[in-house]
file my_file-v7.txt (compact mmCIF, C-alpha atoms and all ligand atoms)
# COMPACT_ATOMS: atom_id res chain seq x y z
CA MET T 1 0.00 0.00 0.00
CA ILE T 2 1.16 3.50 -0.83
CA ASN T 3 -0.96 6.43 0.35
CA ASP T 4 -3.68 3.94 1.33
CA LYS T 5 -3.88 2.68 -2.21
CA LYS T 6 -2.97 -0.69 -3.63
CA VAL T 7 -0.05 -0.63 -6.01
CA LEU T 8 -0.30 -1.41 -9.70
CA TYR T 9 2.74 -1.92 -11.90
CA SER T 10 3.28 -2.29 -15.62
CA GLY T 11 5.61 -1.24 -18.37
CA MET T 12 6.53 -1.55 -21.99
CA GLN T 13 9.77 -2.15 -23.76
CA ALA T 14 11.31 0.59 -25.84
CA THR T 15 11.76 -1.73 -28.79
CA GLY T 16 9.82 -1.37 -32.01
CA ASN T 17 7.10 1.18 -32.61
CA LEU T 18 3.97 1.05 -30.51
CA THR T 19 0.89 -0.04 -32.40
CA LEU T 20 -2.78 0.76 -32.13
CA GLY T 21 -3.03 -2.67 -30.48
CA ASN T 22 -0.66 -1.59 -27.68
CA TYR T 23 -2.75 1.53 -27.22
CA LEU T 24 -6.26 0.06 -27.31
CA GLY T 25 -5.24 -3.12 -25.52
CA ALA T 26 -3.11 -1.61 -22.77
CA LEU T 27 -2.10 2.05 -22.63
CA LYS T 28 -5.60 3.50 -23.02
CA ASN T 29 -6.85 1.40 -20.14
CA TRP T 30 -4.02 2.50 -17.87
CA ILE T 31 -5.06 6.14 -17.96
CA THR T 32 -7.73 6.07 -15.28
CA LEU T 33 -6.19 3.41 -13.05
CA ASN T 34 -4.51 6.03 -10.87
CA GLU T 35 -7.91 6.97 -9.46
CA GLU T 36 -7.94 3.67 -7.63
CA TYR T 37 -4.33 2.55 -7.48
CA GLU T 38 -0.88 3.94 -6.93
CA CYS T 39 0.48 3.36 -10.43
CA PHE T 40 3.99 2.78 -11.74
CA PHE T 41 4.63 2.53 -15.47
CA GLY T 42 8.16 1.84 -16.56
CA VAL T 43 9.98 2.25 -19.81
CA MET T 44 11.64 -1.15 -19.60
CA ASP T 45 14.96 -0.31 -21.19
CA LEU T 46 17.02 -2.85 -19.23
CA HIS T 47 14.93 -5.56 -20.80
CA SER T 48 15.44 -4.07 -24.24
CA ILE T 49 19.14 -4.85 -24.37
CA THR T 50 18.46 -8.58 -24.28
CA ILE T 51 18.15 -7.92 -28.01
CA ARG T 52 21.00 -5.93 -29.60
CA GLN T 53 20.11 -2.25 -29.91
CA GLN T 54 21.64 0.52 -31.97
CA PRO T 55 22.54 3.08 -29.24
CA ALA T 56 21.44 6.37 -30.85
CA ASP T 57 18.22 4.87 -32.09
CA PHE T 58 17.56 3.14 -28.77
CA ARG T 59 18.08 6.36 -26.81
CA LYS T 60 15.60 8.16 -29.00
CA ARG T 61 13.03 5.39 -28.82
CA ALA T 62 13.17 5.27 -25.05
CA ARG T 63 12.60 9.01 -24.78
CA ASN T 64 9.84 8.83 -27.36
CA LEU T 65 8.10 6.06 -25.47
CA LEU T 66 8.07 8.09 -22.29
CA ALA T 67 6.71 11.12 -24.18
CA LEU T 68 4.13 8.89 -25.81
CA TYR T 69 2.93 7.61 -22.44
CA ILE T 70 2.20 11.20 -21.53
CA ALA T 71 0.77 12.14 -24.94
CA ALA T 72 -1.57 9.14 -24.75
CA GLY T 73 -2.98 10.55 -21.54
CA LEU T 74 -0.98 9.14 -18.63
CA ASP T 75 -0.65 12.00 -16.18
CA PRO T 76 2.99 12.09 -15.06
CA VAL T 77 2.05 13.71 -11.77
CA LYS T 78 -0.58 11.16 -10.81
CA ASN T 79 1.40 8.19 -12.15
CA CYS T 80 5.04 7.33 -11.72
CA ILE T 81 6.37 7.13 -15.27
CA TYR T 82 10.06 6.39 -15.34
CA TYR T 83 13.00 4.65 -16.97
CA GLN T 84 13.88 1.29 -15.49
CA SER T 85 17.59 1.94 -16.16
CA HIS T 86 17.51 5.09 -14.00
CA VAL T 87 16.69 3.10 -10.90
CA SER T 88 19.64 0.85 -10.19
CA ALA T 89 17.66 -1.13 -7.63
CA HIS T 90 16.10 -3.06 -10.52
CA ALA T 91 19.43 -4.53 -11.56
CA GLU T 92 20.46 -5.16 -7.96
CA LEU T 93 17.30 -6.94 -6.96
CA GLY T 94 17.39 -8.75 -10.30
CA TRP T 95 20.76 -10.22 -9.36
CA ILE T 96 19.63 -11.23 -5.90
CA LEU T 97 16.50 -12.89 -7.24
CA ASN T 98 18.59 -14.78 -9.80
CA CYS T 99 19.96 -16.64 -6.81
CA PHE T 100 16.42 -17.62 -5.79
CA THR T 101 15.31 -18.84 -9.19
CA TYR T 102 15.92 -22.33 -10.52
CA MET T 103 17.15 -23.04 -14.01
CA GLY T 104 14.42 -25.65 -14.23
CA GLU T 105 11.85 -22.88 -13.82
CA LEU T 106 13.45 -20.69 -16.44
CA ASN T 107 13.73 -23.62 -18.83
CA ARG T 108 9.95 -23.76 -18.92
CA MET T 109 9.45 -20.18 -20.11
CA THR T 110 7.86 -20.26 -23.53
CA GLN T 111 8.84 -16.69 -24.40
CA PHE T 112 12.50 -17.53 -23.93
CA LYS T 113 12.14 -20.45 -26.30
CA ASP T 114 10.41 -18.27 -28.89
CA LYS T 115 12.94 -15.45 -28.63
CA ALA T 116 15.91 -17.82 -28.65
CA ALA T 117 14.58 -19.35 -31.85
CA LYS T 118 14.13 -15.89 -33.39
CA HIS T 119 17.52 -14.53 -32.30
CA SER T 120 19.58 -17.69 -32.55
CA ASP T 121 22.75 -15.65 -33.12
CA ASN T 122 22.43 -13.96 -29.72
CA ILE T 123 21.00 -16.28 -27.07
CA ASN T 124 22.47 -14.38 -24.14
CA ALA T 125 22.07 -15.02 -20.43
CA GLY T 126 20.00 -11.82 -20.10
CA LEU T 127 17.40 -13.24 -22.43
CA TYR T 128 17.31 -16.33 -20.24
CA THR T 129 16.92 -14.45 -16.96
CA TYR T 130 14.57 -11.84 -18.43
CA PRO T 131 11.67 -13.09 -16.23
CA VAL T 132 13.79 -12.64 -13.09
CA LEU T 133 14.38 -8.98 -13.90
CA MET T 134 10.68 -8.66 -14.50
CA ALA T 135 10.05 -10.16 -11.08
CA ALA T 136 12.40 -7.55 -9.61
CA ASP T 137 10.47 -4.75 -11.36
CA ILE T 138 7.21 -5.88 -9.88
CA LEU T 139 8.39 -6.84 -6.40
CA LEU T 140 10.46 -3.69 -5.80
CA TYR T 141 7.29 -1.62 -5.60
CA GLN T 142 5.37 -4.14 -3.47
CA SER T 143 2.90 -4.31 -6.32
CA ASP T 144 -0.52 -5.79 -5.73
CA TYR T 145 -1.60 -5.83 -9.36
CA VAL T 146 0.00 -6.25 -12.72
CA PRO T 147 -2.13 -5.81 -15.85
CA VAL T 148 -0.67 -8.37 -18.20
CA GLY T 149 -1.64 -9.88 -21.47
CA LYS T 150 -1.63 -13.58 -22.13
CA ASP T 151 1.98 -13.49 -23.35
CA GLN T 152 3.21 -12.28 -19.95
CA GLN T 153 1.10 -14.50 -17.71
CA GLN T 154 3.82 -17.09 -17.31
CA HIS T 155 6.20 -14.35 -16.19
CA LEU T 156 3.77 -13.20 -13.56
CA GLU T 157 3.45 -16.77 -12.32
CA ILE T 158 7.21 -17.14 -11.90
CA THR T 159 7.28 -13.75 -10.13
CA ARG T 160 4.78 -15.07 -7.61
CA ASP T 161 6.78 -18.27 -7.16
CA ILE T 162 10.02 -16.36 -6.58
CA ALA T 163 8.33 -13.98 -4.12
CA GLN T 164 6.73 -16.82 -2.20
CA ARG T 165 10.02 -18.69 -2.03
CA PHE T 166 11.83 -15.62 -0.75
CA ASN T 167 9.11 -14.90 1.81
CA SER T 168 9.10 -18.46 3.07
CA ILE T 169 12.81 -18.15 3.86
CA TYR T 170 12.98 -14.59 5.20
CA GLY T 171 9.48 -13.68 6.34
CA ASP T 172 7.09 -11.22 4.76
CA VAL T 173 9.30 -9.19 2.48
CA PHE T 174 7.36 -9.04 -0.78
CA THR T 175 3.73 -8.48 -1.57
CA ILE T 176 2.53 -11.35 -3.76
CA PRO T 177 1.25 -9.72 -6.95
CA GLU T 178 -1.84 -10.73 -8.85
CA GLY T 179 -2.86 -10.19 -12.44
CA TYR T 180 -5.12 -7.22 -12.97
CA TYR T 181 -8.08 -8.23 -15.04
CA GLY T 182 -10.24 -5.14 -14.75
CA LYS T 183 -11.74 -3.56 -17.77
CA ARG T 184 -10.82 -5.66 -20.77
CA GLY T 185 -8.89 -3.78 -23.42
CA ALA T 186 -9.71 -4.23 -27.07
CA LYS T 187 -8.00 -7.18 -28.69
CA VAL T 188 -6.65 -5.85 -31.96
CA MET T 189 -5.49 -8.27 -34.63
CA SER T 190 -3.23 -7.82 -37.63
CA LEU T 191 -4.94 -6.07 -40.54
CA GLN T 192 -3.27 -8.51 -42.92
CA ASP T 193 -3.74 -11.71 -40.94
CA PRO T 194 -6.58 -11.40 -38.42
CA SER T 195 -5.67 -14.71 -36.82
CA LYS T 196 -2.54 -13.03 -35.38
CA LYS T 197 -2.32 -10.27 -32.80
CA MET T 198 -1.34 -6.83 -34.14
CA SER T 199 2.32 -6.69 -33.20
CA LYS T 200 5.11 -4.15 -33.19
CA SER T 201 7.48 -6.83 -34.41
CA ASP T 202 5.37 -7.85 -37.42
CA GLU T 203 7.54 -7.95 -40.54
CA ASN T 204 4.65 -6.77 -42.68
CA PRO T 205 4.14 -3.08 -41.82
CA ASN T 206 0.68 -3.13 -43.41
CA GLY T 207 -0.51 -5.49 -40.71
CA SER T 208 -0.08 -2.90 -37.98
CA ILE T 209 -1.20 0.67 -37.48
CA TYR T 210 1.61 2.40 -35.63
CA LEU T 211 0.74 5.16 -33.21
CA MET T 212 3.03 7.45 -35.20
CA ASP T 213 1.39 6.73 -38.58
CA ASP T 214 0.04 9.82 -40.32
CA SER T 215 -3.58 9.99 -41.42
CA ASP T 216 -2.92 9.02 -45.05
CA THR T 217 -1.01 5.93 -43.98
CA VAL T 218 -3.81 4.95 -41.61
CA LEU T 219 -6.35 5.36 -44.40
CA ARG T 220 -4.25 3.31 -46.81
CA LYS T 221 -3.75 0.50 -44.28
CA CYS T 222 -7.44 0.39 -43.40
CA LYS T 223 -8.41 0.26 -47.07
CA ARG T 224 -5.98 -2.61 -47.63
CA ALA T 225 -7.11 -4.54 -44.57
CA VAL T 226 -8.21 -8.06 -45.43
CA THR T 227 -11.93 -8.72 -45.16
CA ASP T 228 -13.84 -11.58 -46.64
CA SER T 229 -15.86 -12.50 -49.67
CA ASP T 230 -19.33 -11.34 -48.64
CA SER T 231 -19.76 -7.65 -48.05
CA GLU T 232 -21.73 -7.69 -44.82
CA ILE T 233 -20.44 -5.65 -41.91
CA ARG T 234 -21.12 -8.01 -39.08
CA TYR T 235 -19.17 -9.24 -36.04
CA SER T 236 -18.75 -12.95 -36.37
CA GLU T 237 -16.18 -15.67 -35.86
CA ASP T 238 -16.22 -16.59 -39.52
CA LYS T 239 -15.49 -12.95 -40.45
CA PRO T 240 -12.27 -12.26 -38.54
CA GLY T 241 -11.13 -9.35 -40.75
CA VAL T 242 -14.37 -7.39 -40.52
CA SER T 243 -14.76 -8.25 -36.85
CA ASN T 244 -11.31 -6.84 -36.17
CA LEU T 245 -12.17 -3.58 -37.96
CA LEU T 246 -15.42 -3.39 -35.99
CA GLU T 247 -13.48 -3.92 -32.78
CA ILE T 248 -11.12 -1.09 -33.70
CA TYR T 249 -13.98 1.19 -34.71
CA SER T 250 -15.87 0.47 -31.53
CA ALA T 251 -12.81 0.98 -29.29
CA CYS T 252 -11.91 4.27 -30.99
CA THR T 253 -15.41 5.76 -31.03
CA GLY T 254 -16.67 4.35 -27.73
CA LYS T 255 -19.69 2.93 -29.53
CA SER T 256 -20.66 -0.67 -28.83
CA ILE T 257 -20.16 -3.39 -31.43
CA GLU T 258 -23.94 -3.62 -31.93
CA GLU T 259 -24.28 0.11 -32.46
CA SER T 260 -21.42 0.02 -34.92
CA GLU T 261 -22.96 -2.87 -36.84
CA LYS T 262 -26.23 -0.98 -37.05
CA GLU T 263 -24.49 2.14 -38.28
CA PHE T 264 -23.08 0.25 -41.25
CA ASP T 265 -26.06 -1.96 -41.88
CA GLY T 266 -26.59 -2.25 -45.62
CA LYS T 267 -23.39 -0.33 -46.35
CA GLY T 268 -20.29 -1.74 -48.00
CA TYR T 269 -16.59 -1.84 -47.21
CA GLY T 270 -16.16 1.23 -49.40
CA GLU T 271 -17.86 3.25 -46.73
CA PHE T 272 -16.85 1.24 -43.69
CA LYS T 273 -13.08 1.20 -44.11
CA PRO T 274 -12.60 4.97 -44.44
CA ALA T 275 -14.87 5.41 -41.42
CA VAL T 276 -12.59 3.12 -39.41
CA ALA T 277 -9.59 5.15 -40.56
CA GLU T 278 -11.30 8.35 -39.54
CA ALA T 279 -12.09 6.99 -36.08
CA VAL T 280 -8.46 5.93 -35.64
CA ASN T 281 -7.15 9.28 -36.86
CA ALA T 282 -9.45 11.12 -34.47
CA ILE T 283 -7.42 9.46 -31.70
CA LEU T 284 -3.98 9.62 -33.29
CA GLU T 285 -3.94 13.21 -34.54
CA PRO T 286 -4.33 14.91 -31.14
CA MET T 287 -1.87 12.38 -29.75
CA HIS T 288 0.72 13.39 -32.36
CA LYS T 289 0.29 17.08 -31.54
CA GLU T 290 0.71 16.46 -27.86
CA PHE T 291 3.71 14.20 -28.50
CA GLU T 292 5.46 16.90 -30.55
CA ARG T 293 4.70 19.54 -27.96
CA ILE T 294 6.11 17.44 -25.13
CA LEU T 295 9.27 16.47 -27.02
CA LYS T 296 9.96 20.07 -27.97
CA ASP T 297 9.75 21.23 -24.38
CA LYS T 298 12.99 19.70 -23.21
CA ALA T 299 12.99 21.42 -19.82
CA TYR T 300 9.48 20.20 -19.07
CA LEU T 301 10.20 16.63 -20.05
CA ASP T 302 13.51 16.53 -18.19
CA GLY T 303 11.76 17.88 -15.10
CA ILE T 304 9.11 15.18 -15.31
CA ILE T 305 11.76 12.51 -15.75
CA LYS T 306 13.73 13.70 -12.77
CA GLU T 307 10.74 13.88 -10.45
CA ASN T 308 9.47 10.48 -11.42
CA ASP T 309 12.90 8.86 -11.25
CA ASP T 310 13.24 10.18 -7.71
CA LYS T 311 9.85 8.87 -6.74
CA ALA T 312 10.53 5.43 -8.19
CA ARG T 313 13.94 5.31 -6.52
CA TYR T 314 12.45 6.18 -3.15
CA PHE T 315 10.03 3.25 -3.15
CA ALA T 316 12.41 0.82 -4.85
CA ASN T 317 15.23 1.53 -2.42
CA LYS T 318 12.94 1.00 0.52
CA THR T 319 12.34 -2.57 -0.59
CA LEU T 320 15.95 -3.12 -1.61
CA ARG T 321 17.22 -2.05 1.85
CA LYS T 322 14.93 -4.58 3.45
CA VAL T 323 16.10 -7.32 1.09
CA ARG T 324 19.78 -6.51 1.67
CA LYS T 325 19.26 -6.82 5.41
CA LYS T 326 17.35 -10.05 5.11
CA VAL T 327 19.93 -11.83 2.99
CA GLY T 328 22.70 -10.65 5.31
CA PHE T 329 24.71 -8.11 3.34
CA THR T 330 26.82 -5.88 5.58
CA ASP T 331 25.66 -2.32 6.21
CA ILE T 332 26.91 0.44 3.94
CA PRO T 333 28.44 3.05 6.29
CA HIS T 334 27.23 6.62 5.70
N1 LIG J 401 8.08 -8.03 -20.54
C1 LIG J 401 7.07 -7.01 -20.69
C2 LIG J 401 6.65 -6.94 -22.16
O1 LIG J 401 7.45 -7.17 -23.04
C3 LIG J 401 7.56 -5.67 -20.25
C4 LIG J 401 7.84 -5.67 -18.79
C5 LIG J 401 9.05 -5.68 -18.19
C6 LIG J 401 6.86 -5.66 -17.77
N2 LIG J 401 8.89 -5.65 -16.83
C7 LIG J 401 7.58 -5.65 -16.55
C8 LIG J 401 5.46 -5.67 -17.77
C9 LIG J 401 6.90 -5.67 -15.33
C10 LIG J 401 4.81 -5.70 -16.55
C11 LIG J 401 5.53 -5.69 -15.34
O2 LIG J 401 5.51 -6.62 -22.42
call {"tool": "encode", "arguments": {"input": "my_file-v7.txt", "output": "structure tokens"}}
result
Amino acid sequence: MINDKKVLYSGMQATGNLTLGNYLGALKNWITLNEEYECFFGVMDLHSITIRQQPADFRKRARNLLALYIAAGLDPVKNCIYYQSHVSAHAELGWILNCFTYMGELNRMTQFKDKAAKHSDNINAGLYTYPVLMAADILLYQSDYVPVGKDQQQHLEITRDIAQRFNSIYGDVFTIPEGYYGKRGAKVMSLQDPSKKMSKSDENPNGSIYLMDDSDTVLRKCKRAVTDSDSEIRYSEDKPGVSNLLEIYSACTGKSIEESEKEFDGKGYGEFKPAVAEAVNAILEPMHKEFERILKDKAYLDGIIKENDDKARYFANKTLRKVRKKVGFTDIPH
């Protein structure tokens, strides 16, 4: 508990460009969580270097992601928005927790297997212990809730196992986190293959709408989106392409799926697809303006970063001090 509120923690990696799926499925739903929870949202840049990054590009991406959090509506005063790499406690606790995690557990992680297959030229130890660092992220802030998608559920499970193991040896040190399954975010699929999730690592750029896409690009991608042979605009399992566009339209306009279906009843794709693009652009255009404004104001952004880093450090170090004591490290004289 912080300020009588339960703690909620999440973050995104600064790799690839965020997609509309990241926004509608996660980011958008984070915006109001601070009313109920004490929220921490990290730019997970320590995790990013498990894949080789080009330094100048990486630096820019990380700053852009933080600015995008704010531009998307996360209030940097009400939420703690910070860079993981600015709070050294993450790496320190990560190391300690490595010593409380079994290789057998890590061997079961499906994401490691997937990533190792994809980056077979660079299967580094960081990629292997990625879930342990994630456990450190979550446990440092005594988090009660972690909003995670399906792909991260296994990592949350191992976090709970590590925390429980540590607590059973040393007493109540960590809060055991749970998944946050509040309001369901929209599940956005690829525009080119609606059986796959829209992903920032998709090789086909037409499958994803990136948050930084301009309005013409959005229109072009929507027009090219795969649909199916009949021309009905109806949400149905056997119409995954149209259903996906309806889901996007509904999430962007706030209208229900039924309302949206009614709106396009008797109309064709020729009318529907541009309307989807327009709904998406109505969200993205103000976001772009805000993003540019924030990035231009270097003093403002640096101020925000400093304040939030300090806040994160304060809470993280509190936990780390406790852990250091528990495992028996000697005191650091002041
Ligand atoms: N692994 C997460 C992802 O790729 C990012 C992440 C790192 C994270 N640490 C976290 C998410 C802690 C939630 C909590 O999506």
call {"tool": "closest_residue", "arguments": {"input": "my_file-v7.txt", "among": "T:Lys28, T:Arg63, T:Arg108, T:His155", "to": "ligand LIG 401 (chain J)", "atoms": "only C-alpha atoms and all ligand atoms"}}
result
T:His155
call {"tool": "closest_residue", "arguments": {"input": "my_file-v7.txt", "among": "T:Gly126, T:Gly179, T:Gly254, T:Pro333", "to": "Lys150 of chain T", "atoms": "only C-alpha atoms"}}
result
T:Gly179
call {"tool": "residues_near_ligand", "arguments": {"input": "my_file-v7.txt", "ligand": "ligand LIG 401 (chain J)", "cutoff": "8 Å", "atoms": "only C-alpha atoms and all ligand atoms", "output": "CSV table (one decimal) with C-alpha atoms, in the frame of the given file"}}
result
chain,number,residue,atom,x,y,z
T,9,TYR,CA,2.7,-1.9,-11.9
T,10,SER,CA,3.3,-2.3,-15.6
T,11,GLY,CA,5.6,-1.2,-18.4
T,12,MET,CA,6.5,-1.6,-22.0
T,13,GLN,CA,9.8,-2.2,-23.8
T,42,GLY,CA,8.2,1.8,-16.6
T,44,MET,CA,11.6,-1.2,-19.6
T,47,HIS,CA,14.9,-5.6,-20.8
T,130,TYR,CA,14.6,-11.8,-18.4
T,131,PRO,CA,11.7,-13.1,-16.2
T,133,LEU,CA,14.4,-9.0,-13.9
T,134,MET,CA,10.7,-8.7,-14.5
T,135,ALA,CA,10.0,-10.2,-11.1
T,137,ASP,CA,10.5,-4.8,-11.4
T,138,ILE,CA,7.2,-5.9,-9.9
T,146,VAL,CA,0.0,-6.2,-12.7
T,147,PRO,CA,-2.1,-5.8,-15.8
T,148,VAL,CA,-0.7,-8.4,-18.2
T,149,GLY,CA,-1.6,-9.9,-21.5
T,151,ASP,CA,2.0,-13.5,-23.4
T,152,GLN,CA,3.2,-12.3,-20.0
T,155,HIS,CA,6.2,-14.4,-16.2
T,156,LEU,CA,3.8,-13.2,-13.6
call {"tool": "closest_residue", "arguments": {"input": "my_file-v7.txt", "among": "T:Val77, T:Asn98, T:Ile123, T:Gly21", "to": "Ile49 of chain T", "atoms": "all atoms listed in the file"}}
result
T:Ile123
call {"tool": "residues_around", "arguments": {"input": "my_file-v7.txt", "residues": "Ala251 of chain T", "least_positions_apart": "4", "cutoff": "12 Å", "atoms": "all atoms listed in the file", "output": "PyMOL selection string"}}
result
chain T and resi 20-21+23-26+28-29+184-188+244-247+255-257+259-260+276+279-280+282-283
call {"tool": "write_last_selection", "arguments": {"input": "my_file-v7.txt", "atoms": "C-alpha atoms", "output": "tab-separated table (two decimals), in the coordinates of the input"}}
result
chain	number	residue	atom	x	y	z
T	20	LEU	CA	-2.78	0.76	-32.13
T	21	GLY	CA	-3.03	-2.67	-30.48
T	23	TYR	CA	-2.75	1.53	-27.22
T	24	LEU	CA	-6.26	0.06	-27.31
T	25	GLY	CA	-5.24	-3.12	-25.52
T	26	ALA	CA	-3.11	-1.61	-22.77
T	28	LYS	CA	-5.60	3.50	-23.02
T	29	ASN	CA	-6.85	1.40	-20.14
T	184	ARG	CA	-10.82	-5.66	-20.77
T	185	GLY	CA	-8.89	-3.78	-23.42
T	186	ALA	CA	-9.71	-4.23	-27.07
T	187	LYS	CA	-8.00	-7.18	-28.69
T	188	VAL	CA	-6.65	-5.85	-31.96
T	244	ASN	CA	-11.31	-6.84	-36.17
T	245	LEU	CA	-12.17	-3.58	-37.96
T	246	LEU	CA	-15.42	-3.39	-35.99
T	247	GLU	CA	-13.48	-3.92	-32.78
T	255	LYS	CA	-19.69	2.93	-29.53
T	256	SER	CA	-20.66	-0.67	-28.83
T	257	ILE	CA	-20.16	-3.39	-31.43
T	259	GLU	CA	-24.28	0.11	-32.46
T	260	SER	CA	-21.42	0.02	-34.92
T	276	VAL	CA	-12.59	3.12	-39.41
T	279	ALA	CA	-12.09	6.99	-36.08
T	280	VAL	CA	-8.46	5.93	-35.64
T	282	ALA	CA	-9.45	11.12	-34.47
T	283	ILE	CA	-7.42	9.46	-31.70
call {"tool": "closest_residue", "arguments": {"input": "my_file-v7.txt", "among": "T:Ile31, T:Lys115, T:Leu191, T:Asn122", "to": "Gln53 of chain T", "atoms": "all atoms listed in the file"}}
result
T:Asn122
call {"tool": "atom_distance", "arguments": {"input": "my_file-v7.txt", "atom1": "atom CA of Lys60 of chain T", "atom2": "atom CA of Ile305 of chain T"}}
result
14.5 Å
call {"tool": "atom_distance", "arguments": {"input": "my_file-v7.txt", "atom1": "atom CA of Ala275 of chain T", "atom2": "atom CA of Met198 of chain T"}}
result
19.6 Å
call {"tool": "build_atoms", "arguments": {"input": "my_file-v7.txt", "residues": "segment 98-104 of chain T", "atoms": "all heavy atoms", "output": "CSV table (one decimal), keeping the file's coordinate frame"}}
result
chain,number,residue,atom,x,y,z
T,98,ASN,N,18.0,-13.7,-9.0
T,98,ASN,CA,18.6,-14.8,-9.8
T,98,ASN,C,19.0,-15.9,-8.9
T,98,ASN,O,19.0,-17.1,-9.4
T,98,ASN,CB,19.8,-14.3,-10.5
T,98,ASN,CG,19.5,-13.8,-11.9
T,98,ASN,OD1,18.7,-14.4,-12.6
T,98,ASN,ND2,20.1,-12.7,-12.3
T,99,CYS,N,19.5,-15.6,-7.7
T,99,CYS,CA,20.0,-16.6,-6.8
T,99,CYS,C,18.8,-17.4,-6.1
T,99,CYS,O,19.1,-18.2,-5.3
T,99,CYS,CB,20.9,-16.0,-5.8
T,99,CYS,SG,22.3,-15.2,-6.7
T,100,PHE,N,17.6,-17.0,-6.4
T,100,PHE,CA,16.4,-17.6,-5.8
T,100,PHE,C,15.5,-18.2,-6.9
T,100,PHE,O,14.3,-18.4,-6.7
T,100,PHE,CB,15.7,-16.6,-4.9
T,100,PHE,CG,16.4,-16.3,-3.7
T,100,PHE,CD1,17.4,-15.2,-3.7
T,100,PHE,CD2,16.3,-17.0,-2.5
T,100,PHE,CE1,18.1,-14.9,-2.6
T,100,PHE,CE2,17.0,-16.7,-1.4
T,100,PHE,CZ,18.0,-15.6,-1.4
T,101,THR,N,16.1,-18.3,-8.1
T,101,THR,CA,15.3,-18.8,-9.2
T,101,THR,C,16.0,-20.1,-9.7
T,101,THR,O,17.3,-20.0,-9.9
T,101,THR,CB,15.2,-17.8,-10.3
T,101,THR,OG1,14.7,-16.6,-9.7
T,101,THR,CG2,14.3,-18.2,-11.4
T,102,TYR,N,15.3,-21.1,-10.0
T,102,TYR,CA,15.9,-22.3,-10.5
T,102,TYR,C,16.0,-22.4,-12.0
T,102,TYR,O,15.1,-21.9,-12.7
T,102,TYR,CB,15.2,-23.5,-10.0
T,102,TYR,CG,15.2,-23.6,-8.5
T,102,TYR,CD1,14.1,-23.4,-7.7
T,102,TYR,CD2,16.5,-23.8,-7.9
T,102,TYR,CE1,14.2,-23.5,-6.3
T,102,TYR,CE2,16.5,-23.8,-6.5
T,102,TYR,CZ,15.4,-23.7,-5.7
T,102,TYR,OH,15.5,-23.7,-4.4
T,103,MET,N,17.0,-22.9,-12.6
T,103,MET,CA,17.2,-23.0,-14.0
T,103,MET,C,16.0,-23.9,-14.6
T,103,MET,O,15.5,-23.6,-15.6
T,103,MET,CB,18.5,-23.7,-14.4
T,103,MET,CG,19.6,-22.7,-14.1
T,103,MET,SD,21.2,-23.3,-14.6
T,103,MET,CE,21.1,-23.5,-16.3
T,104,GLY,N,15.6,-24.8,-13.8
T,104,GLY,CA,14.4,-25.6,-14.2
T,104,GLY,C,13.2,-24.8,-14.5
T,104,GLY,O,12.4,-25.0,-15.4
